[in-house]
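**Student:** Input structure: protein-v5.tsv, which contains TSV, C-alpha atoms.
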chain	number	residue	atom	x	y	z
A	1	MET	CA	39.50	98.08	-163.75
A	2	GLU	CA	38.37	98.01	-160.12
A	3	GLU	CA	38.62	101.82	-159.99
A	4	ILE	CA	36.29	102.16	-162.99
A	5	SER	CA	33.82	99.80	-161.36
A	6	GLU	CA	33.88	101.91	-158.18
A	7	ILE	CA	33.27	105.09	-160.18
A	8	TYR	CA	30.34	103.45	-161.94
A	9	ASN	CA	28.84	102.19	-158.68
A	10	GLU	CA	29.18	105.60	-157.06
A	11	TYR	CA	27.91	107.80	-159.92
A	12	ALA	CA	25.69	105.72	-162.23
A	13	ASN	CA	22.50	106.57	-160.35
A	14	GLU	CA	23.31	110.30	-160.36
A	15	VAL	CA	24.04	110.26	-164.10
A	16	PHE	CA	20.83	108.31	-164.74
A	17	LYS	CA	18.77	110.85	-162.76
A	18	TYR	CA	20.40	113.72	-164.62
A	19	LEU	CA	19.54	112.10	-167.96
A	20	MET	CA	15.98	111.48	-166.74
A	21	CYS	CA	15.71	115.24	-166.10
A	22	LEU	CA	16.74	115.87	-169.68
A	23	SER	CA	14.80	113.15	-171.47
A	24	HIS	CA	11.98	111.99	-169.15
A	25	ASN	CA	12.47	108.55	-170.71
A	26	SER	CA	13.86	105.76	-168.52
A	27	ASP	CA	14.91	103.48	-171.38
A	28	LEU	CA	16.75	106.30	-173.13
A	29	SER	CA	18.30	107.43	-169.84
A	30	GLU	CA	19.56	103.92	-169.13
A	31	GLU	CA	21.05	103.64	-172.62
A	32	LEU	CA	22.68	107.07	-172.38
A	33	THR	CA	24.02	106.28	-168.91
A	34	GLN	CA	25.84	103.31	-170.39
A	35	GLU	CA	27.09	105.48	-173.25
A	36	THR	CA	28.27	108.10	-170.75
A	37	PHE	CA	30.42	105.62	-168.86
A	38	TYR	CA	31.73	104.14	-172.10
A	39	GLN	CA	32.82	107.62	-173.19
A	40	ALA	CA	34.23	108.34	-169.73
A	41	VAL	CA	36.39	105.21	-169.83
A	42	LYS	CA	37.65	106.20	-173.29
A	43	SER	CA	38.60	109.69	-172.11
A	44	ILE	CA	39.50	109.14	-168.45
A	45	ASP	CA	43.02	110.42	-169.14
A	46	ARG	CA	41.48	113.85	-169.88
A	47	TYR	CA	39.85	114.08	-166.43
A	48	ASN	CA	42.13	116.46	-164.55
A	49	GLY	CA	40.26	116.70	-161.25
A	50	GLU	CA	39.48	120.42	-161.61
A	51	CYS	CA	35.79	119.65	-161.14
A	52	LYS	CA	33.94	116.97	-159.25
A	53	MET	CA	33.74	113.58	-160.95
A	54	SER	CA	29.93	113.85	-160.98
A	55	VAL	CA	30.08	117.17	-162.85
A	56	TRP	CA	32.50	115.74	-165.41
A	57	LEU	CA	30.26	112.70	-165.93
A	58	CYS	CA	27.16	114.89	-166.28
A	59	GLN	CA	28.94	116.92	-168.95
A	60	ILE	CA	29.61	113.71	-170.86
A	61	ALA	CA	25.97	112.68	-170.32
A	62	LYS	CA	24.77	116.04	-171.62
A	63	HIS	CA	26.85	115.65	-174.77
A	64	SER	CA	25.53	112.11	-175.23
A	65	PHE	CA	21.96	113.42	-174.91
A	66	TYR	CA	22.59	116.23	-177.40
A	67	LYS	CA	24.18	113.74	-179.79
A	68	TYR	CA	21.08	111.57	-179.47
A	69	LEU	CA	18.80	114.57	-180.18
A	70	GLU	CA	20.81	115.48	-183.28
A	71	LYS	CA	20.59	111.90	-184.51
A	72	GLU	CA	16.82	111.87	-183.92
A	73	LYS	CA	16.47	115.20	-185.68
A	74	LYS	CA	18.14	113.72	-188.75
A	75	ASN	CA	15.92	110.65	-188.52
A	76	ARG	CA	12.79	112.83	-188.36
A	77	ASN	CA	13.54	113.98	-191.87
A	78	HIS	CA	13.06	110.38	-193.02
A	79	THR	CA	10.60	108.87	-190.55
A	80	SER	CA	8.08	110.08	-188.00
A	81	ILE	CA	8.74	109.71	-184.29
A	82	SER	CA	6.21	108.86	-181.63
A	83	ASN	CA	5.29	111.84	-179.45
A	84	SER	CA	5.86	109.73	-176.34
A	85	GLU	CA	9.56	109.24	-177.05
A	86	ILE	CA	10.64	112.49	-175.40
A	87	THR	CA	8.27	114.29	-173.07
A	88	TYR	CA	8.97	117.77	-171.76
A	89	ILE	CA	7.57	118.91	-168.41
A	90	SER	CA	8.28	122.42	-167.14
A	91	PRO	CA	8.96	123.17	-163.51
A	92	GLU	CA	8.50	126.89	-164.21
A	93	ASP	CA	4.71	126.75	-164.68
A	94	GLU	CA	1.99	124.56	-166.15
A	95	TYR	CA	1.55	126.76	-169.19
A	96	ILE	CA	4.37	125.01	-170.97
A	97	ASN	CA	2.24	121.85	-171.09
A	98	SER	CA	-0.22	123.58	-173.41
A	99	ILE	CA	2.24	124.98	-175.95
A	100	ASP	CA	3.53	123.49	-179.15
A	101	LYS	CA	6.67	121.77	-177.85
A	102	ILE	CA	8.15	121.27	-181.31
A	103	SER	CA	8.04	125.02	-181.97
A	104	LEU	CA	9.61	125.75	-178.60
A	105	TYR	CA	12.37	123.20	-179.18
A	106	LYS	CA	13.08	124.66	-182.61
A	107	ILE	CA	13.51	128.12	-181.09
A	108	ILE	CA	15.71	126.77	-178.27
A	109	HIS	CA	17.78	124.78	-180.75
A	110	LEU	CA	18.70	128.02	-182.56
A	111	MET	CA	19.97	129.67	-179.37
A	112	GLU	CA	23.69	130.02	-178.72
A	113	GLU	CA	25.48	128.25	-175.88
A	114	PRO	CA	25.36	128.48	-172.90
A	115	LEU	CA	21.83	129.95	-173.08
A	116	LYS	CA	20.56	126.92	-175.00
A	117	GLU	CA	21.84	124.53	-172.36
A	118	ILE	CA	20.53	126.64	-169.48
A	119	VAL	CA	17.02	126.64	-170.97
A	120	LEU	CA	17.12	122.89	-171.55
A	121	LEU	CA	18.39	122.19	-168.06
A	122	ARG	CA	15.95	124.58	-166.34
A	123	ILE	CA	12.70	124.47	-168.28
A	124	LEU	CA	12.90	120.99	-169.76
A	125	GLY	CA	15.22	119.29	-167.28
A	126	GLY	CA	13.85	120.79	-164.09
A	127	LEU	CA	17.23	121.54	-162.52
A	128	SER	CA	17.70	124.32	-159.97
A	129	PHE	CA	19.81	127.38	-160.74
A	130	LYS	CA	22.35	126.11	-158.23
A	131	GLU	CA	22.62	122.77	-160.08
A	132	ILE	CA	22.89	124.51	-163.45
A	133	GLY	CA	25.62	126.78	-162.11
A	134	GLU	CA	27.52	123.79	-160.76
A	135	ILE	CA	27.31	121.92	-164.06
A	136	GLN	CA	28.56	125.00	-165.89
A	137	GLY	CA	31.34	125.61	-163.38
A	138	LYS	CA	29.69	128.90	-162.38
A	139	ASN	CA	27.48	130.06	-159.51
A	140	GLU	CA	23.73	130.17	-158.94
A	141	ASN	CA	23.48	133.89	-159.72
A	142	TRP	CA	25.23	133.38	-163.08
A	143	ALA	CA	22.64	130.72	-163.95
A	144	ARG	CA	19.73	133.00	-162.94
A	145	VAL	CA	21.03	135.95	-164.98
A	146	ASN	CA	21.65	133.83	-168.06
A	147	PHE	CA	18.27	132.10	-167.76
A	148	TYR	CA	16.68	135.56	-167.78
A	149	ARG	CA	18.73	136.45	-170.88
A	150	ALA	CA	17.57	133.24	-172.52
A	151	LYS	CA	13.92	134.09	-171.77
A	152	VAL	CA	14.44	137.52	-173.35
A	153	LYS	CA	15.85	135.83	-176.47
A	154	LEU	CA	12.87	133.43	-176.56
A	155	ARG	CA	10.50	136.39	-176.47
A	156	GLU	CA	12.47	138.14	-179.22
A	157	ARG	CA	12.08	135.04	-181.37
A	158	GLY	CA	8.35	134.90	-180.86
A	159	TYR	CA	7.86	132.65	-177.86
A	160	ASN	CA	6.32	133.86	-174.59
A	161	HIS	CA	5.53	131.27	-171.93
A	162	GLY	CA	3.89	133.74	-169.60
A	163	SER	CA	6.74	134.62	-167.23
I'd like the structure from this file rewritten - as structure tokens, please.

**Tutor:**
Amino acid sequence: MEEISEIYNEYANEVFKYLMCLSHNSDLSEELTQETFYQAVKSIDRYNGECKMSVWLCQIAKHSFYKYLEKEKKNRNHTSISNSEITYISPEDEYINSIDKISLYKIIHLMEEPLKEIVLLRILGGLSFKEIGEIQGKNENWARVNFYRAKVKLRERGYNHGS
């Protein structure tokens, strides 16, 4: 139990910051941080040490965030959601602030993995290519190339954010 407490103390802030990059919502990030560590405790026997603990925890956090988005998507069919619940801010350029974010998210949602995740982490989460590569267990160049491929797919599907 002491080991789990040490892991939480060492990585909770990093997981919270990662979730803030994805959601831009501190309450949601706090809730998902707790969920991340709950899931980590349940599956700690599957952690094999092949990647850093922080990367493993961020993968769990990512899945928790995606699970939350899927749940909210289902809820949107029955109720409306406040626009302030999830705010997207692009580090790529300011143009993204003027587009219809729902349309962009719908296009991104249809993308295949890992392109979908790369776009979410880069454009919506604000992570560097180096960070994205590390999360994916790849390198920075891999993240750059696949982000470019994702942008090509976005353009093919009718979205052009000006870059």

**Student:** Using only C-alpha atoms, find the one residue out of A:Cys51, A:Lys17, A:Glu113, A:Ile4 that sits nearest to Phe37 of chain A.

**Tutor:**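 Among the listed residues, A:Ile4 lies closest to Phe37 of chain A.
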
**Student:** Would you mind telling me which residue in A:Arg155, A:Lys73, A:Lys62, A:Lys116 lies nearest to Val15 of chain A when using all atoms listed in the file?

**Tutor:**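 Using all atoms listed in the file, Val15 of chain A sits closest to A:Lys62.
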
**Student:** Between A:Ser103, A:Gln59, A:Asn25, A:Asn9, which has the minimum distance to Gly137 of chain A (counting all atoms listed in the file)?

**Tutor:**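 Of the candidates, the smallest distance to Gly137 of chain A is held by A:Gln59.
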
**Student:** What is the distance between atom CA of Trp56 of chain A and atom CA of Lys71 of chain A, in Å to one decimal?

**Tutor:**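 Atom-to-atom, atom CA of Trp56 of chain A and atom CA of Lys71 of chain A are spaced 22.8 Å apart.
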
**Student:** Could you name the residues that touch Tyr148 of chain A at 12 Å or less, counting all atoms listed in the file, but leaving out those on the same chain fewer than 5 positions away, as a list in words?

**Tutor:**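 Surrounding residues, per the criterion: Leu115, Lys116, Ile118, Val119, Arg122, Ile123, Phe129, Asn141, Trp142, Ala143, Lys153, Leu154, Arg155 and Ser163 of chain A.
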
**Student:** Rank nothing, just name the residue among A:Ser128, A:Asn75, A:Thr36, A:Asn146 nearest to Pro114 of chain A, using only C-alpha atoms.

**Tutor:**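 Closest residue, counting only C-alpha atoms: A:Asn146.
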
**Student:** With distances taken over only C-alpha atoms, which residue among A:Cys21, A:Leu121, A:Asn13, A:Leu32 lies nearest Gln136 of chain A?

**Tutor:**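 Among the listed residues, A:Leu121 lies closest to Gln136 of chain A.
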
**Student:** Of the candidates A:Ile132, A:Val152, A:Leu104, A:Ile60, which shows the shortest atom-to-atom distance to Ser43 of chain A, using only C-alpha atoms?

**Tutor:** A:Ile60

**Student:** Could you please determine the separation between atom CA of Gly49 of chain A and atom CA of Phe147 of chain A in Å, to one decimal place?

**Tutor:**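 So the answer is 27.6 Å.
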
**Student:** Using atom CA of Tyr47 of chain A and atom CA of Glu112 of chain A as the two end points, give the distance in Å to one decimal.

**Tutor:**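 Atom CA of Glu112 of chain A lies 25.8 Å from atom CA of Tyr47 of chain A.
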
**Student:** Can I get segment 105-123 of chain A with N, CA, C and O atoms filled in, as a PDB file, in the coordinates of the input?

**Tutor:**
ATOM      1  N   TYR A 105      11.067 123.841-179.026  1.00  0.00           N
ATOM      2  CA  TYR A 105      12.370 123.200-179.180  1.00  0.00           C
ATOM      3  C   TYR A 105      13.126 123.776-180.370  1.00  0.00           C
ATOM      4  O   TYR A 105      14.334 123.989-180.304  1.00  0.00           O
ATOM      5  N   LYS A 106      12.422 124.067-181.450  1.00  0.00           N
ATOM      6  CA  LYS A 106      13.080 124.660-182.610  1.00  0.00           C
ATOM      7  C   LYS A 106      13.707 126.008-182.263  1.00  0.00           C
ATOM      8  O   LYS A 106      14.833 126.307-182.674  1.00  0.00           O
ATOM      9  N   ILE A 107      12.988 126.821-181.485  1.00  0.00           N
ATOM     10  CA  ILE A 107      13.510 128.120-181.090  1.00  0.00           C
ATOM     11  C   ILE A 107      14.715 127.935-180.170  1.00  0.00           C
ATOM     12  O   ILE A 107      15.742 128.594-180.335  1.00  0.00           O
ATOM     13  N   ILE A 108      14.602 127.028-179.197  1.00  0.00           N
ATOM     14  CA  ILE A 108      15.710 126.770-178.270  1.00  0.00           C
ATOM     15  C   ILE A 108      16.918 126.251-179.033  1.00  0.00           C
ATOM     16  O   ILE A 108      18.049 126.650-178.762  1.00  0.00           O
ATOM     17  N   HIS A 109      16.693 125.378-179.985  1.00  0.00           N
ATOM     18  CA  HIS A 109      17.780 124.780-180.750  1.00  0.00           C
ATOM     19  C   HIS A 109      18.618 125.843-181.474  1.00  0.00           C
ATOM     20  O   HIS A 109      19.826 125.670-181.654  1.00  0.00           O
ATOM     21  N   LEU A 110      18.000 126.950-181.851  1.00  0.00           N
ATOM     22  CA  LEU A 110      18.700 128.020-182.560  1.00  0.00           C
ATOM     23  C   LEU A 110      19.495 128.939-181.626  1.00  0.00           C
ATOM     24  O   LEU A 110      20.297 129.741-182.092  1.00  0.00           O
ATOM     25  N   MET A 111      19.278 128.806-180.330  1.00  0.00           N
ATOM     26  CA  MET A 111      19.970 129.670-179.370  1.00  0.00           C
ATOM     27  C   MET A 111      21.444 129.299-179.283  1.00  0.00           C
ATOM     28  O   MET A 111      21.826 128.159-179.510  1.00  0.00           O
ATOM     29  N   GLU A 112      22.268 130.283-178.903  1.00  0.00           N
ATOM     30  CA  GLU A 112      23.690 130.020-178.720  1.00  0.00           C
ATOM     31  C   GLU A 112      23.929 129.445-177.328  1.00  0.00           C
ATOM     32  O   GLU A 112      23.113 129.602-176.431  1.00  0.00           O
ATOM     33  N   GLU A 113      25.067 128.756-177.191  1.00  0.00           N
ATOM     34  CA  GLU A 113      25.480 128.250-175.880  1.00  0.00           C
ATOM     35  C   GLU A 113      26.032 129.420-175.080  1.00  0.00           C
ATOM     36  O   GLU A 113      26.557 130.348-175.664  1.00  0.00           O
ATOM     37  N   PRO A 114      25.937 129.468-173.805  1.00  0.00           N
ATOM     38  CA  PRO A 114      25.360 128.480-172.900  1.00  0.00           C
ATOM     39  C   PRO A 114      23.863 128.657-172.678  1.00  0.00           C
ATOM     40  O   PRO A 114      23.252 127.894-171.947  1.00  0.00           O
ATOM     41  N   LEU A 115      23.255 129.686-173.319  1.00  0.00           N
ATOM     42  CA  LEU A 115      21.830 129.950-173.080  1.00  0.00           C
ATOM     43  C   LEU A 115      20.969 128.741-173.458  1.00  0.00           C
ATOM     44  O   LEU A 115      20.030 128.404-172.750  1.00  0.00           O
ATOM     45  N   LYS A 116      21.308 128.096-174.558  1.00  0.00           N
ATOM     46  CA  LYS A 116      20.560 126.920-175.000  1.00  0.00           C
ATOM     47  C   LYS A 116      20.565 125.843-173.921  1.00  0.00           C
ATOM     48  O   LYS A 116      19.523 125.299-173.561  1.00  0.00           O
ATOM     49  N   GLU A 117      21.737 125.565-173.375  1.00  0.00           N
ATOM     50  CA  GLU A 117      21.840 124.530-172.360  1.00  0.00           C
ATOM     51  C   GLU A 117      21.102 124.921-171.079  1.00  0.00           C
ATOM     52  O   GLU A 117      20.438 124.103-170.462  1.00  0.00           O
ATOM     53  N   ILE A 118      21.206 126.185-170.698  1.00  0.00           N
ATOM     54  CA  ILE A 118      20.530 126.640-169.480  1.00  0.00           C
ATOM     55  C   ILE A 118      19.023 126.453-169.610  1.00  0.00           C
ATOM     56  O   ILE A 118      18.367 125.977-168.686  1.00  0.00           O
ATOM     57  N   VAL A 119      18.457 126.811-170.755  1.00  0.00           N
ATOM     58  CA  VAL A 119      17.020 126.640-170.970  1.00  0.00           C
ATOM     59  C   VAL A 119      16.646 125.164-170.905  1.00  0.00           C
ATOM     60  O   VAL A 119      15.671 124.782-170.254  1.00  0.00           O
ATOM     61  N   LEU A 120      17.422 124.324-171.570  1.00  0.00           N
ATOM     62  CA  LEU A 120      17.120 122.890-171.550  1.00  0.00           C
ATOM     63  C   LEU A 120      17.204 122.325-170.141  1.00  0.00           C
ATOM     64  O   LEU A 120      16.342 121.552-169.721  1.00  0.00           O
ATOM     65  N   LEU A 121      18.225 122.712-169.412  1.00  0.00           N
ATOM     66  CA  LEU A 121      18.390 122.190-168.060  1.00  0.00           C
ATOM     67  C   LEU A 121      17.312 122.714-167.106  1.00  0.00           C
ATOM     68  O   LEU A 121      16.828 121.983-166.245  1.00  0.00           O
ATOM     69  N   ARG A 122      16.914 123.977-167.261  1.00  0.00           N
ATOM     70  CA  ARG A 122      15.950 124.580-166.340  1.00  0.00           C
ATOM     71  C   ARG A 122      14.511 124.253-166.709  1.00  0.00           C
ATOM     72  O   ARG A 122      13.776 123.684-165.926  1.00  0.00           O
ATOM     73  N   ILE A 123      14.101 124.625-167.896  1.00  0.00           N
ATOM     74  CA  ILE A 123      12.700 124.470-168.280  1.00  0.00           C
ATOM     75  C   ILE A 123      12.378 123.009-168.584  1.00  0.00           C
ATOM     76  O   ILE A 123      11.374 122.484-168.127  1.00  0.00           O
TER      77      ILE A 123
END
